[in-house]
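K.L.:
Sharing start.txt, compact mmCIF, C-alpha atoms:
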```txt
# COMPACT_ATOMS: atom_id res chain seq x y z
CA MET P 1 -20.63 9.40 9.06
CA PRO P 2 -18.73 12.67 8.32
CA LEU P 3 -16.22 12.57 5.48
CA VAL P 4 -13.32 13.49 7.78
CA LEU P 5 -14.04 10.56 10.08
CA LEU P 6 -14.47 8.15 7.17
CA THR P 7 -11.18 9.30 5.66
CA ALA P 8 -9.31 9.00 8.96
CA THR P 9 -10.66 5.48 9.45
CA ALA P 10 -9.59 4.43 5.95
CA LEU P 11 -6.07 5.80 6.49
CA VAL P 12 -5.73 4.01 9.82
CA PHE P 13 -6.80 0.76 8.14
CA LEU P 14 -4.15 1.22 5.44
CA ALA P 15 -1.45 1.94 8.02
CA ALA P 16 -2.58 -1.05 10.08
CA ASN P 17 -1.43 -3.40 7.32
CA SER P 18 2.17 -2.55 8.17
CA ILE P 19 1.64 -3.11 11.89
CA LEU P 20 -0.24 -6.38 11.49
CA THR P 21 2.24 -7.78 8.96
CA ARG P 22 5.29 -6.82 11.00
CA ALA P 23 3.74 -8.27 14.18
CA GLY P 24 2.74 -11.53 12.48
CA VAL P 25 6.12 -12.08 10.83
CA LEU P 26 7.98 -11.22 14.05
CA ASP P 27 5.89 -13.84 15.85
CA GLY P 28 7.32 -16.54 13.60
CA THR P 29 4.79 -16.86 10.79
CA ASP P 30 6.36 -17.40 7.39
CA PRO P 31 5.87 -14.27 5.21
CA LEU P 32 4.54 -16.31 2.29
CA VAL P 33 1.95 -18.01 4.48
CA PHE P 34 1.03 -14.61 5.89
CA ALA P 35 0.46 -13.27 2.36
CA VAL P 36 -1.68 -16.31 1.46
CA ILE P 37 -3.95 -15.88 4.50
CA ARG P 38 -4.15 -12.14 3.95
CA VAL P 39 -5.17 -12.30 0.29
CA ALA P 40 -7.69 -15.10 0.93
CA ALA P 41 -9.32 -13.18 3.79
CA GLY P 42 -9.40 -10.01 1.69
CA ALA P 43 -10.98 -11.87 -1.22
CA ALA P 44 -13.66 -13.31 1.04
CA VAL P 45 -14.62 -9.94 2.52
CA LEU P 46 -14.56 -8.04 -0.79
CA THR P 47 -16.63 -10.75 -2.50
CA ALA P 48 -19.14 -10.70 0.35
CA LEU P 49 -19.40 -6.90 0.17
CA ALA P 50 -19.96 -7.06 -3.59
CA ALA P 51 -22.59 -9.77 -3.20
CA ARG P 52 -24.38 -7.80 -0.49
CA ARG P 53 -24.71 -4.88 -2.89
CA GLY P 54 -25.88 -7.15 -5.69
CA ILE P 55 -22.69 -6.57 -7.70
CA THR P 56 -21.61 -9.45 -9.93
CA LEU P 57 -17.95 -10.17 -10.58
CA THR P 58 -18.49 -11.08 -14.23
CA GLY P 59 -16.14 -9.13 -16.45
CA THR P 60 -14.02 -7.90 -13.55
CA ARG P 61 -11.00 -10.09 -14.26
CA ARG P 62 -7.91 -7.95 -14.78
CA TRP P 63 -4.95 -10.31 -15.00
CA GLY P 64 -2.39 -7.52 -15.11
CA ALA P 65 -3.89 -5.86 -12.05
CA ALA P 66 -4.02 -9.19 -10.20
CA ALA P 67 -0.35 -9.81 -11.05
CA ALA P 68 0.59 -6.37 -9.73
CA LEU P 69 -1.41 -7.06 -6.56
CA SER P 70 0.45 -10.36 -6.09
CA VAL P 71 3.83 -8.61 -6.45
CA TYR P 72 2.77 -6.07 -3.84
CA LEU P 73 1.56 -8.71 -1.38
CA LEU P 74 4.68 -10.85 -1.72
CA GLY P 75 7.17 -8.00 -1.48
CA PHE P 76 5.28 -6.38 1.39
CA SER P 77 5.22 -9.50 3.56
CA LEU P 78 8.80 -10.57 2.84
CA ALA P 79 10.20 -7.09 3.47
CA TYR P 80 8.86 -7.04 7.02
CA ARG P 81 11.25 -9.78 8.04
CA SER P 82 13.67 -7.00 8.98
CA LEU P 83 12.06 -3.63 8.20
CA ASP P 84 10.36 -1.70 10.99
CA ALA P 85 6.66 -1.05 10.41
CA GLY P 86 6.88 2.72 9.98
CA LEU P 87 9.98 2.73 7.80
CA GLY P 88 8.51 0.01 5.61
CA ALA P 89 5.37 2.09 5.09
CA LEU P 90 7.47 5.13 4.23
CA ILE P 91 9.57 3.27 1.66
CA LEU P 92 6.42 1.74 0.17
CA PHE P 93 4.57 5.04 -0.08
CA ALA P 94 7.56 6.94 -1.48
CA THR P 95 8.17 4.24 -4.10
CA VAL P 96 4.52 4.32 -5.18
CA GLN P 97 4.54 8.09 -5.66
CA LEU P 98 7.93 8.18 -7.37
CA GLY P 99 6.91 5.30 -9.64
CA LEU P 100 3.71 7.06 -10.68
CA PHE P 101 5.68 10.25 -11.25
CA ALA P 102 8.22 8.48 -13.47
CA LEU P 103 5.43 6.94 -15.51
CA SER P 104 3.77 10.32 -15.96
CA LEU P 105 7.06 11.65 -17.35
CA LEU P 106 7.26 8.77 -19.81
CA ARG P 107 3.70 9.48 -20.90
CA GLY P 108 4.53 13.14 -21.51
CA GLU P 109 2.05 14.48 -18.94
CA PRO P 110 2.49 18.17 -17.98
CA THR P 111 5.07 18.63 -15.22
CA GLY P 112 5.83 22.01 -13.71
CA PRO P 113 9.00 23.06 -11.91
CA LEU P 114 7.43 22.77 -8.47
CA ARG P 115 6.40 19.19 -9.11
CA LEU P 116 9.89 18.36 -10.32
CA ALA P 117 11.38 20.04 -7.25
CA GLY P 118 9.02 18.19 -4.94
CA MET P 119 9.81 14.79 -6.40
CA ALA P 120 13.55 15.59 -6.38
CA LEU P 121 13.26 16.45 -2.69
CA ALA P 122 11.36 13.21 -2.00
CA LEU P 123 13.91 11.15 -3.93
CA GLY P 124 16.78 12.84 -2.10
CA GLY P 125 15.16 12.13 1.26
CA LEU P 126 14.63 8.49 0.32
CA VAL P 127 18.26 8.10 -0.80
CA TRP P 128 19.45 9.72 2.44
CA LEU P 129 17.24 7.32 4.39
CA LEU P 130 18.63 4.26 2.62
CA LEU P 131 22.31 5.25 2.76
CA PRO P 132 24.44 3.37 5.33
CA GLY P 133 23.79 4.82 8.76
CA GLY P 134 20.44 6.24 7.68
CA GLY P 135 18.54 4.35 10.35
CA VAL P 136 17.20 1.47 8.24
CA ALA P 137 18.29 -1.57 10.23
CA ALA P 138 17.19 -4.02 7.56
CA ARG P 139 18.71 -6.35 5.03
CA PRO P 140 19.23 -4.73 1.62
CA LEU P 141 17.20 -7.54 0.05
CA ASP P 142 14.19 -6.68 2.21
CA VAL P 143 14.50 -3.00 1.31
CA ALA P 144 14.55 -4.01 -2.37
CA LEU P 145 11.48 -6.18 -1.82
CA MET P 146 9.58 -3.25 -0.31
CA VAL P 147 10.55 -1.14 -3.31
CA ALA P 148 9.22 -3.93 -5.55
CA ALA P 149 6.02 -3.94 -3.48
CA GLY P 150 5.70 -0.20 -4.02
CA LEU P 151 6.10 -0.57 -7.78
CA GLY P 152 3.51 -3.35 -7.72
CA TRP P 153 1.08 -1.13 -5.83
CA ALA P 154 1.73 1.74 -8.26
CA ALA P 155 0.87 -0.54 -11.18
CA TYR P 156 -2.22 -1.77 -9.34
CA SER P 157 -3.30 1.83 -8.69
CA LEU P 158 -2.96 2.67 -12.38
CA ALA P 159 -5.03 -0.35 -13.33
CA GLY P 160 -7.67 0.71 -10.81
CA ARG P 161 -8.14 4.08 -12.49
CA SER P 162 -9.70 2.38 -15.50
CA GLU P 163 -11.89 0.06 -13.43
CA PRO P 164 -15.54 1.15 -13.82
CA ARG P 165 -16.63 -0.85 -10.74
CA PRO P 166 -13.88 -0.51 -8.10
CA LEU P 167 -15.38 -2.83 -5.50
CA ALA P 168 -16.14 -5.61 -7.97
CA GLY P 169 -12.76 -5.12 -9.64
CA SER P 170 -10.91 -5.37 -6.33
CA ALA P 171 -12.83 -8.50 -5.38
CA GLY P 172 -12.00 -10.10 -8.73
CA ASN P 173 -8.33 -9.17 -8.45
CA PHE P 174 -8.09 -10.59 -4.94
CA LEU P 175 -9.75 -13.81 -6.08
CA ILE P 176 -7.27 -14.20 -8.94
CA ALA P 177 -4.36 -13.46 -6.61
CA THR P 178 -5.70 -16.07 -4.17
CA LEU P 179 -5.80 -18.65 -6.96
CA THR P 180 -2.24 -17.70 -7.94
CA PHE P 181 -0.99 -18.23 -4.39
CA ALA P 182 -2.88 -21.53 -4.20
CA LEU P 183 -1.15 -22.78 -7.35
CA ALA P 184 2.18 -21.81 -5.76
CA ALA P 185 1.44 -23.97 -2.70
CA PRO P 186 4.65 -26.07 -3.06
CA PHE P 187 6.63 -22.94 -2.15
CA TRP P 188 4.81 -22.24 1.12
CA TRP P 189 2.98 -25.41 2.14
CA GLY P 190 4.25 -26.65 5.50
CA ALA P 191 6.02 -23.37 6.33
CA PRO P 192 5.76 -22.25 9.96
CA VAL P 193 2.67 -20.36 11.07
CA THR P 194 1.63 -19.33 14.57
CA ALA P 195 -1.91 -18.80 15.83
CA PHE P 196 -1.14 -15.13 16.50
CA GLY P 197 0.43 -14.70 13.06
CA ALA P 198 -2.57 -16.30 11.35
CA LEU P 199 -4.87 -13.98 13.29
CA MET P 200 -2.82 -10.94 12.24
CA ALA P 201 -2.90 -12.09 8.60
CA ALA P 202 -6.66 -12.62 8.67
CA ALA P 203 -7.18 -9.19 10.26
CA SER P 204 -4.89 -7.59 7.68
CA GLY P 205 -6.80 -9.19 4.82
CA ALA P 206 -10.36 -8.98 6.08
CA ILE P 207 -10.29 -5.66 7.95
CA ALA P 208 -7.27 -3.53 7.01
CA SER P 209 -7.33 -4.58 3.34
CA GLY P 210 -10.88 -5.71 2.60
CA LEU P 211 -12.85 -3.16 4.59
CA GLY P 212 -10.08 -0.57 4.30
CA TYR P 213 -10.04 -0.63 0.51
CA ALA P 214 -13.83 -0.65 0.33
CA LEU P 215 -13.94 2.40 2.62
CA LEU P 216 -11.23 4.12 0.62
CA PHE P 217 -13.23 3.61 -2.59
CA ARG P 218 -16.19 5.22 -0.86
CA VAL P 219 -14.41 8.38 0.31
CA LEU P 220 -12.05 9.09 -2.62
CA PRO P 221 -14.79 10.14 -5.07
CA ARG P 222 -16.03 12.64 -2.45
CA MET P 223 -12.62 14.26 -2.00
CA GLY P 224 -10.78 16.66 -4.25
CA ILE P 225 -7.79 15.35 -6.17
CA ALA P 226 -5.34 17.39 -4.12
CA THR P 227 -6.99 16.51 -0.81
CA ALA P 228 -6.95 12.79 -1.60
CA GLY P 229 -3.28 12.84 -2.57
CA VAL P 230 -2.08 14.82 0.42
CA ALA P 231 -4.31 12.93 2.89
CA GLN P 232 -2.56 9.68 2.05
CA LEU P 233 0.70 11.19 3.32
CA ALA P 234 -0.68 10.39 6.76
CA VAL P 235 -0.34 6.62 6.20
CA PRO P 236 3.43 6.33 6.93
CA VAL P 237 3.07 8.78 9.82
CA ILE P 238 0.30 6.71 11.39
CA ALA P 239 2.27 3.51 10.81
CA THR P 240 5.31 5.03 12.51
CA LEU P 241 3.28 6.15 15.52
CA LEU P 242 1.54 2.78 15.82
CA GLY P 243 4.85 0.97 15.41
CA ALA P 244 6.38 3.01 18.24
CA ALA P 245 3.37 2.49 20.50
CA LEU P 246 2.62 -1.18 19.82
CA LEU P 247 5.92 -2.67 18.66
CA ALA P 248 8.40 -0.37 20.44
CA GLU P 249 9.97 0.52 17.07
CA VAL P 250 11.17 4.12 17.38
CA PRO P 251 13.08 5.38 14.31
CA PRO P 252 16.38 7.20 14.97
CA PRO P 253 16.55 10.99 14.40
CA ARG P 254 18.16 10.73 10.95
CA ALA P 255 15.43 8.39 9.77
CA LEU P 256 12.77 10.79 11.02
CA ALA P 257 14.46 13.74 9.32
CA SER P 258 14.88 11.97 5.99
CA GLY P 259 11.31 10.69 6.22
CA ALA P 260 10.08 14.25 6.77
CA LEU P 261 11.91 15.31 3.58
CA VAL P 262 10.26 12.50 1.63
CA LEU P 263 6.77 13.44 2.82
CA ALA P 264 7.36 17.17 2.31
CA GLY P 265 8.56 16.59 -1.25
CA ILE P 266 5.61 14.38 -2.12
CA ALA P 267 3.20 16.86 -0.54
CA LEU P 268 4.66 19.69 -2.63
CA ALA P 269 4.54 17.70 -5.86
CA THR P 270 1.13 16.12 -5.26
CA PHE P 271 -0.67 19.23 -4.09
CA ARG P 272 0.78 21.52 -6.76
CA TYR P 273 0.21 19.07 -9.62
CA SER P 274 -3.33 18.21 -8.46
CA THR P 275 -4.19 21.90 -8.15
CA ILE P 276 -2.97 22.55 -11.70
CA ARG P 277 -5.00 19.61 -13.06
CA SER P 278 -8.14 20.73 -11.16
CA SER P 279 -7.88 24.32 -12.38
CA GLY P 280 -7.19 23.22 -15.94
CA SER P 281 -10.03 20.74 -16.19
```
How does the structure come out when it is put into structure tokens?
P.N.:
Amino acid sequence: MPLVLLTATALVFLAANSILTRAGVLDGTDPLVFAVIRVAAGAAVLTALAARRGITLTGTRRWGAAAALSVYLLGFSLAYRSLDAGLGALILFATVQLGLFALSLLRGEPTGPLRLAGMALALGGLVWLLLPGGGVAARPLDVALMVAAGLGWAAYSLAGRSEPRPLAGSAGNFLIATLTFALAAPFWWGAPVTAFGALMAAASGAIASGLGYALLFRVLPRMGIATAGVAQLAVPVIATLLGAALLAEVPPPRALASGALVLAGIALATFRYSTIRSSGS
């Protein structure tokens, strides 16, 4: 399958997580139960894929990465109690990129003026989006939870960079997260769950997360650094379009404008910084 088609499929899978989670939670399924079903389904698929390729999970336990994954899953599901699918994806993606940028500053990594300008533009767009009247019809707590999910995903991404076997590492992390959720059963056992919500959670875990992450791991090594970074800007756009088409969630003009600023700023910072790193390596 051509690289472009593989990449597009992976990005659609990633965006589908927002749609499936929002739809399942709206249907009445408790967000914690949704997260439990999602992580268990993802663990099953990733473990099966690893086994099919003869990959063992021995030595793939990364407790810090699994903890970051759990934070992401919890915050992501809870935030969609009131956040629209597209706006949730935008806040998540912006938080991930800004979090990674802040960490790079703390580590003293080279940062040019264009990268600083791009991240400042993205941060300004995100602040404008979240200000009163910015179009985010959600509870502040749920916005904060999506920000926490973004920070969790940023930490998980960093942990993944040092994972020599991405598929086996992801399977191990999902298994640990599943065990963590199982031990926390008193907090979600008996919570409401609908048949449709359970189906959405299983699809999110098995297809959008399990197969989606496996596909992403396959295409990223074949893409340039800049191309991979900029391509992922499509995720919130796809989520917004799918949310409008499937859930009738159309963001107001100010939300679209501020979202465009966020994506433009991240594109500027990501592409410029990745180009510098590629040319200097």
K.L.:
Which residue, P:Leu151, P:Leu246, P:Val4, P:Ala260, has the smallest gap to Phe93 in chain P when you use only C-alpha atoms?
P.N.:
P:Leu151
K.L.:
So that I can check the surroundings of Val147 in chain P, please list as a list in words every protein, DNA and RNA residue that reaches within 9 Å of it, counting only C-alpha atoms and ignoring chain neighbours fewer than 6 positions away.
P.N.:
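Everything that qualifies: Gly75, Phe76, Ile91, Leu92, Ala94, Thr95 and Val96 of chain P.
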K.L.:
Go ahead and save the picked residues with C-alpha atoms, as a short mmCIF file (atom, residue, chain, number, x, y, z; two decimals), in the frame of the given file.
P.N.:
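Below is the file that was written, selection13.cif:
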```
data_model
loop_
_atom_site.label_atom_id
_atom_site.label_comp_id
_atom_site.auth_asym_id
_atom_site.auth_seq_id
_atom_site.Cartn_x
_atom_site.Cartn_y
_atom_site.Cartn_z
CA GLY P 75 7.17 -8.00 -1.48
CA PHE P 76 5.28 -6.38 1.39
CA ILE P 91 9.57 3.27 1.66
CA LEU P 92 6.42 1.74 0.17
CA ALA P 94 7.56 6.94 -1.48
CA THR P 95 8.17 4.24 -4.10
CA VAL P 96 4.52 4.32 -5.18
#
```
K.L.:
Report, in Å to a single decimal, how far apart CA of Tyr156 in chain P and CA of Ala203 in chain P are.
P.N.:
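CA of Ala203 in chain P sits 21.5 Å away from CA of Tyr156 in chain P.
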K.L.:
I'd like the contact shell of Ala257 in chain P - 10 Å cut-off, all atoms listed in the file, skipping same-chain residues fewer than 6 positions apart - returned as a PyMOL selection string.
P.N.:
chain P and resi 125+128-129+134+251
K.L.:
Atoms to include: C-alpha atoms. Write the selected residues as an mmCIF file, in the frame of the given file.
P.N.:
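What ended up in again_18.cif:
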```cif
data_model
loop_
_atom_site.group_PDB
_atom_site.id
_atom_site.type_symbol
_atom_site.label_atom_id
_atom_site.label_comp_id
_atom_site.auth_asym_id
_atom_site.auth_seq_id
_atom_site.Cartn_x
_atom_site.Cartn_y
_atom_site.Cartn_z
ATOM 1 C CA GLY P 125 15.160 12.130 1.260
ATOM 2 C CA TRP P 128 19.450 9.720 2.440
ATOM 3 C CA LEU P 129 17.240 7.320 4.390
ATOM 4 C CA GLY P 134 20.440 6.240 7.680
ATOM 5 C CA PRO P 251 13.080 5.380 14.310
#
```
K.L.:
In Å, how far is it from CA of Ala51 in chain P to CA of Ala65 in chain P?
P.N.:
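About the pair CA of Ala51 in chain P and CA of Ala65 in chain P: they are 21.1 Å apart.
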K.L.:
Using all atoms of range 216-219 of chain P that appear in the file, construct an axis-aligned enclosing box with 3 Å of padding on every side and provide its centre coordinates and edge lengths in Å, rounded to one decimal, as JSON.
P.N.:
```
{"center_x": -13.7, "center_y": 6.0, "center_z": -1.0, "size_x": 11.0, "size_y": 10.8, "size_z": 9.2}
```
K.L.:
Give me, as a PDB file with C-alpha atoms, in the coordinates of the input, all polymer residues having an atom no more than 10 Å from range 184-198 of chain P, counting all atoms listed in the file and skipping those fewer than 6 positions away in the same chain.
P.N.:
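File produced: out_31.pdb:
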```pdb
ATOM      1  CA  LEU P  20      -0.240  -6.380  11.490  1.00  0.00           C
ATOM      2  CA  THR P  21       2.240  -7.780   8.960  1.00  0.00           C
ATOM      3  CA  ARG P  22       5.290  -6.820  11.000  1.00  0.00           C
ATOM      4  CA  ALA P  23       3.740  -8.270  14.180  1.00  0.00           C
ATOM      5  CA  GLY P  24       2.740 -11.530  12.480  1.00  0.00           C
ATOM      6  CA  VAL P  25       6.120 -12.080  10.830  1.00  0.00           C
ATOM      7  CA  LEU P  26       7.980 -11.220  14.050  1.00  0.00           C
ATOM      8  CA  ASP P  27       5.890 -13.840  15.850  1.00  0.00           C
ATOM      9  CA  GLY P  28       7.320 -16.540  13.600  1.00  0.00           C
ATOM     10  CA  THR P  29       4.790 -16.860  10.790  1.00  0.00           C
ATOM     11  CA  ASP P  30       6.360 -17.400   7.390  1.00  0.00           C
ATOM     12  CA  PRO P  31       5.870 -14.270   5.210  1.00  0.00           C
ATOM     13  CA  LEU P  32       4.540 -16.310   2.290  1.00  0.00           C
ATOM     14  CA  VAL P  33       1.950 -18.010   4.480  1.00  0.00           C
ATOM     15  CA  PHE P  34       1.030 -14.610   5.890  1.00  0.00           C
ATOM     16  CA  ALA P  35       0.460 -13.270   2.360  1.00  0.00           C
ATOM     17  CA  VAL P  36      -1.680 -16.310   1.460  1.00  0.00           C
ATOM     18  CA  ILE P  37      -3.950 -15.880   4.500  1.00  0.00           C
ATOM     19  CA  ARG P  38      -4.150 -12.140   3.950  1.00  0.00           C
ATOM     20  CA  THR P 178      -5.700 -16.070  -4.170  1.00  0.00           C
ATOM     21  CA  SER P 204      -4.890  -7.590   7.680  1.00  0.00           C
TER      22      SER P 204
END
```
K.L.:
Report the distance between CA of Val219 in chain P and CA of Ala231 in chain P in Å, rounded to one decimal place.
P.N.:
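According to the coordinates, CA of Val219 in chain P and CA of Ala231 in chain P are separated by 11.4 Å.
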K.L.:
When distances are computed from all atoms listed in the file, which of P:Ala15, P:Ala79, P:Val45, P:Leu211 shows the smallest separation from Ala149 in chain P?
P.N.:
P:Ala79
K.L.:
Show which residues sit within 9 Å of Ala138 in chain P, as a PyMOL selection string. Count only C-alpha atoms, and ignore same-chain residues fewer than 5 positions away.
P.N.:
chain P and resi 79-84+143
K.L.:
Determine, counting all atoms listed in the file, every residue of protein, DNA or RNA that lies within 12 Å of (-12.3, -14.1, -0.1) in the file coordinates, then give the result as a compact mmCIF listing (two decimals) with C-alpha atoms, in the frame of the given file.
P.N.:
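Final output, saved to selection00.txt:
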```txt
# COMPACT_ATOMS: atom_id res chain seq x y z
CA VAL P 36 -1.68 -16.31 1.46
CA ILE P 37 -3.95 -15.88 4.50
CA ARG P 38 -4.15 -12.14 3.95
CA VAL P 39 -5.17 -12.30 0.29
CA ALA P 40 -7.69 -15.10 0.93
CA ALA P 41 -9.32 -13.18 3.79
CA GLY P 42 -9.40 -10.01 1.69
CA ALA P 43 -10.98 -11.87 -1.22
CA ALA P 44 -13.66 -13.31 1.04
CA VAL P 45 -14.62 -9.94 2.52
CA LEU P 46 -14.56 -8.04 -0.79
CA THR P 47 -16.63 -10.75 -2.50
CA ALA P 48 -19.14 -10.70 0.35
CA LEU P 49 -19.40 -6.90 0.17
CA ALA P 50 -19.96 -7.06 -3.59
CA ALA P 51 -22.59 -9.77 -3.20
CA SER P 170 -10.91 -5.37 -6.33
CA ALA P 171 -12.83 -8.50 -5.38
CA GLY P 172 -12.00 -10.10 -8.73
CA ASN P 173 -8.33 -9.17 -8.45
CA PHE P 174 -8.09 -10.59 -4.94
CA LEU P 175 -9.75 -13.81 -6.08
CA ILE P 176 -7.27 -14.20 -8.94
CA ALA P 177 -4.36 -13.46 -6.61
CA THR P 178 -5.70 -16.07 -4.17
CA LEU P 179 -5.80 -18.65 -6.96
CA ALA P 202 -6.66 -12.62 8.67
CA GLY P 205 -6.80 -9.19 4.82
CA ALA P 206 -10.36 -8.98 6.08
CA ILE P 207 -10.29 -5.66 7.95
CA SER P 209 -7.33 -4.58 3.34
CA GLY P 210 -10.88 -5.71 2.60
CA LEU P 211 -12.85 -3.16 4.59
```
K.L.:
For Ala122 in chain P, which residue out of P:Gly160, P:Pro166, P:Gly212, P:Gly99 is the nearest one, using only C-alpha atoms?
P.N.:
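Closest to Ala122 in chain P, using only C-alpha atoms: P:Gly99.
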K.L.:
Quick one: residues within 12 Å of Leu261 in chain P, all atoms listed in the file, excluding same-chain residues fewer than 6 positions away - as a ChimeraX atom specification?
P.N.:
/P:90,94,117-129,233,254-255,267-268
K.L.:
Between P:Ala148, P:Ala155, P:Ala168, P:Leu241, which has the minimum distance to Gly64 in chain P (counting only C-alpha atoms)?
P.N.:
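When distances to Gly64 in chain P are compared using only C-alpha atoms, the smallest one comes from P:Ala155.
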